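A quick write-up on the structure given underneath.
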Amino acid sequence: MALRGAVACGLVSALVGASPSASRASPGPPEPAHRRVLVLYSDERLLRANVVFDEGLRQALVSASWDPVEYYSEFLDEVRFPDRHQERTLDFLLTKYGEQPPDVIVAFAPPSLDFCLSFHSQLFDQPPIVFAAIDIDAFLHADHGVKVTGVRARFDGPETLRLALQLHPGTRNVFIVGEAAPLDPARTLMGWSDFRESDFPVQFEHLTSKPIPELLDRLAHLPDNSLVVYQSALGIGATGSLPLHALTEHMARVSRAPIYAALDAFVGHGVVGAVTTPTSDMAEATAELIAEVFARQSADEMPPVRALAAKPIFDWQQMRRWGVREKHLPTGSIVLSAPPSLWQQHARWVGAATAVFLVQSGLILALVLQSVRRRRAEREVLRRRQELAHTTRVATMGELTASLAHEINQPLAAILSNTQAAQRLLAAGATNGEIREILDDIEADDQRAGEVIRRMRALLRKEVSEPVTLDVNDLVAEVADLVHGELILQNVSLVLEPSQTPLHVHGDRIQLQQVLLNLVMNALDAMKDTASADRKLIVRTTTGEKRAVRVSVADSGVGVPDESIERIFDRFVTTKPHGMGLGLAICRSIVEAHGGRVGATNNPARGATFWFELPILEEARR
């Protein structure tokens with residue numbers, strides 16, 4: 001395709017040059033010359049390492065070189081056709097690329113580099129050689145008299161075996177598969193030159209140089225707690241006509257033990273893992289070296305050899321087969337063929353779902369914080385309301401001081417009178433019966449005084465009592481006893497009209513007493529300007545609407561102005577000259593907290609009626 005593009009450009013240039021306008025135009029800058037790269041692979045084209053390197057090198061060359069690059073690749077297939085066809089391969093390359101010789105030859109793996117060094121003087125115009133996938137000192141340090149550089153990879157067989165033993169604890173037997181190492185030091189098996197069996201606490205057995213059927217049968221009957229190590233090099237040591245990757249796939253299918261190797265060419269073809277330089281890293285580094293070769297100032301200048309580190313590389317499918325967990329792999333390990341994550345498969349949907357989740361989480365958090373703040377504010381309002389209610393009770397009790405003193409003085413005076421009478425009777429020799437009657441009167445008067453004090457203390461307490469079941473009739477009677485003295489002092493006639501049956505509610509006794517006491521005290525204030533003979537207070541308990549308990553307090557006072565009757569229970573609304581407008585507001589909040597409601601109406605004749613309703617206790621009603 002690159003050649004067709006070049007030809008097309010040439011034709012267009014020729015046509016443009018023939019036109020009159022083109023002849024008058026100034027000549028433009030010369031187009032950059034095309035660089036040609038020929039990659040010689042040692043093995044057949046479907047070997048995974050060849051595919052990965054080829055794709056990576058093509059892509060990296062586009063980024064590494066500014067000049068247009070024509071890319072060619074050939075496969076020597078040294079595994080299945082060793083040595084005897086090298087001269088024919090040379091003739092083929094010269095015939096195919098003679099008119100367009102490569103500017104750089106890339107030799108991938110030792111057999112390819114060996115071929116290039118052996119026939120370099122006959123290869124075109126002796127182009128520079130850039131090697132890859134080489135880790136053999138004999139290749140690197142020998143004086144070949146050839147312009148050569150490359151990428152030195154690291155194939156670490158011993159470290160591969162150590163890592164395999166860590167991932168498979170309990171291994172007792174290691175079986176070595178592959179050809180015996182050739183006598184030629186240049187062809188030592190890649191990655192295993194430093195391997196010594198004595199460094200490992202396992203038993204070794206060699207399955208080298210066995211025919212393939214016999215080898216596969218042996219692998220199918222391996223004992224438990226075994227490992228297989230595949231010692232081979234790219235283009236070296238296969239028996240028979242099978243390509244290397246096909247051989248490893250056959251072995252992996254029948255083997256009863258996981259297989260490890262020192263080359264990532266076999267990872268993805270049945271081998272679990274290897275500690276080696278990734279082929280993709282080699283491709284990128286090789287492309288950078290090629291770009292440096294193109295940019296050299298002198299034909300004799302060659303960039304230095306680059307050395308790359310080894311990394312653990314694994315096949316996800318084989319890891320899953322042999323129970324190797326990804327969390328047990330060393331840091332920085334590369335896992336091939338892993339299924340795409342949910343994010344990789346559905347990045348857009350996962351991103352949208354994550355965004356929705358974050359937004360919802362933020363809204364929920366905001367609502368929770370708002371709820372916490374609201375509850376905190378409600379608790380603060382309740383606390384202040386309770387303090388205000390307590391202050392109101394204290395103020396109300398202050399208004400009752402004179403009447404309460406009268407209520408207490410009466411039983412105290414009776415106690416004193418009875419005590420003096422008892423003393424006189426004792427002096428006169430009275431009988432036990434007379435003395436016992438006097439003592440009973442003293443006890444009754446003491447209990448009456450104590451009850452008045454108890455009710456005062458209950459109303460003055462700051463603490464709120466627990467809700468209990470109450471009979472509203474008893475509640476009215478208790479408040480009536482508490483204001484008895486005040487009624488006498490103000491010359492008010494009290495009429496109690498309780499229901500004939502008990503009316504039970506569930507509530508706080510002290511708070512409900514405060515509501516009723518506040519209504520009674522307001523009624524007494526409303527009747528201060530009324531004639532003494534007309535001062536009358538009526539307290540009724542009845543069943544209101546929807547089976548609610550209604551308590552009403554009717555007075556004969558001045559009533560409530562019509563413009564204030566609807567707002568009389570609002571805060572800071574009052575009809576008293578010196579009132580603050582908080583008493584009735586507190587009454588409403590207490591009643592509503594009990595699930596009830598309050599109201600007020602003016603009487604037809606004179607005065608007003610204030611009432612409140614509470615839900616009747618269903619259990620008690622049944």
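By convention in this document, the chains of the structure tokens carry letters A, B, ... by their order, each chain's residues are numbered from 1, and ligands are numbered from 1 in the order they are shown.
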
Exercise for the section: Run DSSP on the backbone and grab whatever in stretch 97-325 of chain A lands in alpha helix (DSSP H); send it over as an NGL selection string. Expected result: :A and (97 or 110-118 or 137-141 or 157-167 or 212-220 or 244-254 or 279-294 or 316-321)

Handout entry: Selection near A:Pro561, 9 Å with only C-alpha atoms, sequence-local residues under 3 positions removed, as a list of chain:residue names
Key =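 What passes the distance filter is A:Val558, A:Ser564, A:Ile565, A:Thr575, A:Asn602.
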
Export of prior selection with C-alpha atoms as a CSV table (one decimal), in the first residue's frame:
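Done, and the output landed in out29.csv:
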chain,number,residue,atom,x,y,z
A,558,VAL,CA,-66.0,41.0,80.2
A,564,SER,CA,-59.2,39.0,69.0
A,565,ILE,CA,-61.3,35.9,69.5
A,575,THR,CA,-56.4,41.3,76.3
A,602,ASN,CA,-68.1,34.5,73.8

Problem - Pick from A:Pro340, A:Gly150, A:Pro604, A:Gly178, whichever lies nearest to A:Asp555 using only C-alpha atoms - result: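 So, comparing all the options, the nearest one is A:Pro604.
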
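Note that atom CA of A:Ser589 and atom CA of A:Val381 are 11.4 Å apart.
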